Amino acid sequence: MSENQNTPADASTEVTVGSQAGTAVGPAERFPDPGIPEHKHRLTDTDPRAARRAERTVTLLFVLSILGTIGSIVAYVMVPPDGTASGVRLSTLLIGLGLAVSLLGIGIAGIHWAKALMGDREMVQERHPLATNDADRIVAVKDLNDGLADSGVVGRRGVLKGAFFAALALFPVAIAVPLIGSVGGDWNISAFKHTMWKRGTRLAIDPSGRPIKASDVTVGSVFHVIPETTEEFRETHEWITEKSKAVVLMVRLNPEDLRTDQSPEGETWSHEGIVAYSKICTHVGCPVALYEQQTHHLLCPCHQSTFDIADSAKVVFGPANRRLPQLPITVDDEGYLVAQDDFAEPIGPSFWERLK
Amino acid sequence: MAQQQRPTAVGKAADYLDQRTTIGVLVKELARKVFPDHWTFMLGEIALFSFIVLIASGFFLTMFFDPSMALVRYEGEHPANMQGQLMSAAFHSTVEMSFEVRGGLLMRQIHHWSALIFVGSIVLHMFRIFFTGAFRKPREINYLVGLTMLILALAAGFTGYSLPDDVLSGNGLRIIDGVVKSIPVIGSFMSFIVFGGEFPGHHIIPRLFTLHIFVIPGLLLALIGLHLFLMVLQKHTQYPGAGRTDKNVVGYPAAPVYVAKMTGNFFIISGVLTLMGATMAINHVWNYGPYDPSPVSAGTQPDWYILFVDGALRLMPGPGWEWVIGGYTLSMNLLIPGMILPGILFTLLGAWPFLEARVTGDHREHHVLDRPRNRPVRTGVGVALLVAFVVCALAATNDLIATHFSLDIFAITWALRVLLVVGPLLAFWVTKRICLGLQRRDRELVLHGHESGRIVRFANGEYVEVHTPLEPEEVWLRTYHQAPRPLDIKPAMDARGVRRKGYKSDRRWQRLSQFFYEDRVEPATPAELAAAHSHGKHDELEAKTPATSGSAVRRRR
């Protein structure tokens, strides 16, 4: 890039050489530029009737535009949307068509006017090199140097300069600190590692919140599950944030189909073929919602990461790297499905401190 | 002059203004300023005018939109599926303005379509700039301004898409959250900065709203001003043609031709966008429902300009690409498609003018555009990028391809993975070959003329087709350019046999330069034309054909 800043005189002479190459290097080297072709007249230039016709067309288009505007207002008044989807569609269509005619009328008229009636003789203007000429440049540099000299900072007063730049560099800190302090809420990033599932939390149906009895879960059925909580809590922001982490997909397989799950030695995280896995994809966090009964595959509709529910939800295909975390479940005394504990690992997409 | 006798109202107003602003000088400079004409110069204009439509329709929408995440119940009667649902005020007001405000849905649809066309026209405009070399000196700065605006336009689109707080856009935000979290070291904190806490929290919609209606459009407006100012200052580029040089500009005056054409174009574009908004349904959020972290529907795609990132996310294989280093997690399966790939794309685009100037050894001002065929490597790289973009965009629709054509989604994904690697390379090679072929065709035409279809039989029974020599204008168009050559560098040893410092770097640049310009076709010269004429019988015949302008070329020579 430094070469681009070469002296401008250089550049401008080069332009001259380059653009005149056709004539400068001799007739055998390059073909000559024949110059701008002869102007051809349009029909409207030579035939007054054609010109009058074009004039009429332009006028007519402007009139059409006025009619469009009127039509739009008429539609606004006469066809109020009755609230139904079809009513809204009709109102949208009519107001929009009127406005479109009104705009297109003006637009097409303008273009036709310019093309058929306005002068169409090509004009030529010269370009000049963009760089300032040398004389002006010398003055500009001198002015800057004079200004710098007047400021009295050149070569002296190092401490003053240092203080000046330090002050300028530092003052934004006073704004940045309170901003950064609060912009991330409580900054408690360890929240990524926990959900609201606790020992004994009942599994409930999403969105009704009704707890699920193990006996109601038939083989092959799929449940979208949330942790049981109060109705009031489910109408708060905190709930939406918690739900974003806590949603679970529960499936009942034939116990013999369930090859493996994630329970460690000596523990059982499933209940008679019922397994529950986090519904939040370990790729970028979409809800993994498509379950294929035949293959026991769970497919994320966003990016097609595919997990095998019968084989501890490991990744079968797609951009996800990790299996879906399993929610350890069991049944309580009343036969309701409950969590044994929170997930054993953070749910959802990976982050830097995930394993810390 | 006429004013002196009887000043008109307009004259008086102009005089009043001029005495206070010296505006006469500006009018003198601009009124009859010449701008070249070509349909591709309209692409940037489309972007500008759709931006104006965006501001106008966006203003309408802000009157009724409530950028709040406060939870409310939908009390309205229509649409029926929303009755009694708990939703954010943002979603509520979006549905309400569609159903209760007359023209509200129209304005929403116009706004959304305009956004799609806005980004689309910027991309097309940029392709035009790239393929014709309009980024060359002195326009590198304006090129960077344009590239910045493209990135801002993507940001404007995405922030706007998320505002209604529906299921689709909420999942889009969640994907962004996932990609942000994958950033090494600061990812988790960045996620907290974006959402003001954990996803989704209740800050994101107001924050996006401020960005969408104030920060991004404000920056865009300022940059549009700069973009146009530089365009007027540097004067517009022009396509090659007879009489068009780097030292002149050939075209029509700003007033009245461009005033009328641009005004007309503005109204036509607004009219077309209105027509789209009136007739083509888009983003009917009540069909998706308010944001809820649990549901998602299959066959969901982002707006078209985000497709390439989404597609790259889908193509990237997962297993084996999450690295744990010293206990910390590095998700390359997200970083590569979500950060590195777009990073490389925009860095390459931004660096291109400087890279090309360096390997061409070119410091001259250029105002006459290149024909893409005359720069085979540049054109090849452009097409390769385009192919990569399209493959990624296709990948983002792999689920739709699977359902519509009854294909296996895993097979499609694998095919596209292979295509993403092979496609751009193949596209580069084919494009470069086509460009060189077209250049040879140019030479061929200049030297031998157009086929005329007239067959002549000689006395000895030989048949020959007569070729019509080219008009001088066409000859010029096919020979005006200079084929750049690879850089010359000083030898490795100086005169005394000492290794020269900086030779290795020079050699690397030379290699790159050779990659650009080793294969080239020199334009035909008059000497070659003379040689071509002196060897064949049919050329003698050509000379005899009456009233061809080819003879004019020869006469001039």
# chains A, B, ... in the order shown; residues from 1 in each chain; ligands from 1

$ residues_around --residues "segment 229-246 of chain B" --least-positions-apart "5" --cutoff "8 Å" --atoms "only C-alpha atoms" --output "list in words"
Val15, Ser19, Asp33, Pro34, Gly35, Ile36, Pro37, Arg127 and Leu130 of chain A; Phe35, Pro36, Asp37, His38, Ala134, Pro138, Arg139, Asn142, Glu365, His366, His367, Val368, Leu369, Asp370, Arg371, Glu473, Trp476, Leu477 and Tyr480 of chain B

$ select_by_dssp --residues "segment 138-340 of chain A" --states "alpha helix (DSSP H)" --output "JSON, numbers by chain"
{"A": [138, 139, 140, 141, 142, 143, 144, 145, 146, 147, 148, 149, 150, 151, 158, 159, 160, 161, 162, 163, 164, 165, 166, 167, 168, 169, 170, 171, 172, 173, 174, 175, 176, 177, 178, 179, 180, 181, 182, 183, 237, 238, 239, 240, 241, 242, 243, 244, 245, 246]}

$ write_last_selection --atoms "C-alpha atoms" --output "mmCIF file, in the first residue's frame"
data_model
loop_
_atom_site.group_PDB
_atom_site.id
_atom_site.type_symbol
_atom_site.label_atom_id
_atom_site.label_comp_id
_atom_site.auth_asym_id
_atom_site.auth_seq_id
_atom_site.Cartn_x
_atom_site.Cartn_y
_atom_site.Cartn_z
ATOM 1 C CA ILE A 138 3.382 22.264 -0.484
ATOM 2 C CA VAL A 139 1.086 24.913 0.985
ATOM 3 C CA ALA A 140 -0.999 22.264 2.779
ATOM 4 C CA VAL A 141 2.032 20.585 4.318
ATOM 5 C CA LYS A 142 3.432 23.963 5.327
ATOM 6 C CA ASP A 143 0.109 24.945 6.930
ATOM 7 C CA LEU A 144 0.037 21.745 8.927
ATOM 8 C CA ASN A 145 3.623 22.192 10.059
ATOM 9 C CA ASP A 146 2.924 25.801 11.010
ATOM 10 C CA GLY A 147 -0.059 24.681 13.040
ATOM 11 C CA LEU A 148 1.985 22.022 14.740
ATOM 12 C CA ALA A 149 4.748 24.536 15.472
ATOM 13 C CA ASP A 150 2.187 26.984 16.924
ATOM 14 C CA SER A 151 0.907 24.307 19.275
ATOM 15 C CA GLY A 158 7.157 15.168 26.414
ATOM 16 C CA VAL A 159 5.327 15.000 29.716
ATOM 17 C CA LEU A 160 2.590 17.279 28.440
ATOM 18 C CA LYS A 161 2.116 15.104 25.358
ATOM 19 C CA GLY A 162 2.119 11.959 27.432
ATOM 20 C CA ALA A 163 -0.440 13.358 29.842
ATOM 21 C CA PHE A 164 -2.623 14.562 26.988
ATOM 22 C CA PHE A 165 -2.776 11.189 25.257
ATOM 23 C CA ALA A 166 -3.120 9.301 28.534
ATOM 24 C CA ALA A 167 -6.075 11.465 29.568
ATOM 25 C CA LEU A 168 -7.755 10.979 26.191
ATOM 26 C CA ALA A 169 -7.183 7.245 26.266
ATOM 27 C CA LEU A 170 -8.388 6.838 29.832
ATOM 28 C CA PHE A 171 -11.613 8.829 30.093
ATOM 29 C CA PRO A 172 -13.761 6.233 28.231
ATOM 30 C CA VAL A 173 -12.914 3.799 31.017
ATOM 31 C CA ALA A 174 -15.194 5.757 33.338
ATOM 32 C CA ILE A 175 -18.073 5.055 30.950
ATOM 33 C CA ALA A 176 -17.037 1.532 30.034
ATOM 34 C CA VAL A 177 -16.739 0.227 33.595
ATOM 35 C CA PRO A 178 -20.351 0.823 34.659
ATOM 36 C CA LEU A 179 -21.557 -0.334 31.262
ATOM 37 C CA ILE A 180 -19.605 -3.566 31.267
ATOM 38 C CA GLY A 181 -20.409 -4.073 34.930
ATOM 39 C CA SER A 182 -24.122 -4.253 34.218
ATOM 40 C CA VAL A 183 -24.526 -5.180 30.566
ATOM 41 C CA HIS A 237 -39.309 -14.475 32.383
ATOM 42 C CA GLU A 238 -37.315 -16.609 34.781
ATOM 43 C CA TRP A 239 -39.379 -19.571 33.652
ATOM 44 C CA ILE A 240 -38.615 -18.986 29.966
ATOM 45 C CA THR A 241 -34.912 -18.819 30.738
ATOM 46 C CA GLU A 242 -35.070 -21.928 32.940
ATOM 47 C CA LYS A 243 -37.202 -23.756 30.409
ATOM 48 C CA SER A 244 -34.595 -22.993 27.756
ATOM 49 C CA LYS A 245 -32.246 -25.278 29.637
ATOM 50 C CA ALA A 246 -34.607 -27.732 31.266
#

$ residues_around --residues "Arg441 of chain B" --least-positions-apart "2" --cutoff "12 Å" --atoms "only C-alpha atoms" --output "ChimeraX atom specification"
/B:373-374,434-439,443-450,478-479,521-524

$ residues_around --residues "Gly104 of chain B" --least-positions-apart "6" --cutoff "9 Å" --atoms "only C-alpha atoms" --output "PyMOL selection string"
(chain A and resi 92) or (chain B and resi 60-61+64+96-98)

$ closest_residue --among "B:Arg108, B:Arg520, B:Arg314, B:His92" --to "chain A" --atoms "only C-alpha atoms"
B:Arg314

$ decode --residues "segment 156-169 of chain A" --atoms "N, CA and C atoms" --output "PDB file, in the first residue's frame"
ATOM      1  N   ARG A 156       9.358  19.087  22.177  1.00  0.00           N
ATOM      2  CA  ARG A 156       9.482  19.476  23.578  1.00  0.00           C
ATOM      3  C   ARG A 156       8.293  18.955  24.357  1.00  0.00           C
ATOM      4  N   ARG A 157       8.312  19.185  25.620  1.00  0.00           N
ATOM      5  CA  ARG A 157       7.155  18.938  26.477  1.00  0.00           C
ATOM      6  C   ARG A 157       6.631  17.514  26.339  1.00  0.00           C
ATOM      7  N   GLY A 158       7.528  16.581  26.511  1.00  0.00           N
ATOM      8  CA  GLY A 158       7.157  15.168  26.414  1.00  0.00           C
ATOM      9  C   GLY A 158       6.125  14.793  27.453  1.00  0.00           C
ATOM     10  N   VAL A 159       6.263  15.340  28.647  1.00  0.00           N
ATOM     11  CA  VAL A 159       5.327  15.000  29.716  1.00  0.00           C
ATOM     12  C   VAL A 159       3.932  15.502  29.378  1.00  0.00           C
ATOM     13  N   LEU A 160       3.885  16.714  28.828  1.00  0.00           N
ATOM     14  CA  LEU A 160       2.590  17.279  28.440  1.00  0.00           C
ATOM     15  C   LEU A 160       1.908  16.377  27.423  1.00  0.00           C
ATOM     16  N   LYS A 161       2.690  15.969  26.385  1.00  0.00           N
ATOM     17  CA  LYS A 161       2.116  15.104  25.358  1.00  0.00           C
ATOM     18  C   LYS A 161       1.630  13.796  25.960  1.00  0.00           C
ATOM     19  N   GLY A 162       2.476  13.230  26.799  1.00  0.00           N
ATOM     20  CA  GLY A 162       2.119  11.959  27.432  1.00  0.00           C
ATOM     21  C   GLY A 162       0.837  12.080  28.226  1.00  0.00           C
ATOM     22  N   ALA A 163       0.744  13.157  29.008  1.00  0.00           N
ATOM     23  CA  ALA A 163      -0.440  13.358  29.842  1.00  0.00           C
ATOM     24  C   ALA A 163      -1.679  13.543  28.975  1.00  0.00           C
ATOM     25  N   PHE A 164      -1.499  14.289  27.882  1.00  0.00           N
ATOM     26  CA  PHE A 164      -2.623  14.562  26.988  1.00  0.00           C
ATOM     27  C   PHE A 164      -3.188  13.253  26.413  1.00  0.00           C
ATOM     28  N   PHE A 165      -2.293  12.429  25.860  1.00  0.00           N
ATOM     29  CA  PHE A 165      -2.776  11.189  25.257  1.00  0.00           C
ATOM     30  C   PHE A 165      -3.311  10.224  26.314  1.00  0.00           C
ATOM     31  N   ALA A 166      -2.661  10.189  27.468  1.00  0.00           N
ATOM     32  CA  ALA A 166      -3.120   9.301  28.534  1.00  0.00           C
ATOM     33  C   ALA A 166      -4.524   9.687  28.980  1.00  0.00           C
ATOM     34  N   ALA A 167      -4.754  11.005  29.133  1.00  0.00           N
ATOM     35  CA  ALA A 167      -6.075  11.465  29.568  1.00  0.00           C
ATOM     36  C   ALA A 167      -7.133  11.078  28.545  1.00  0.00           C
ATOM     37  N   LEU A 168      -6.797  11.311  27.252  1.00  0.00           N
ATOM     38  CA  LEU A 168      -7.755  10.979  26.191  1.00  0.00           C
ATOM     39  C   LEU A 168      -8.048   9.485  26.163  1.00  0.00           C
ATOM     40  N   ALA A 169      -7.004   8.695  26.355  1.00  0.00           N
ATOM     41  CA  ALA A 169      -7.183   7.245  26.266  1.00  0.00           C
ATOM     42  C   ALA A 169      -7.953   6.716  27.466  1.00  0.00           C
TER      43      ALA A 169
END
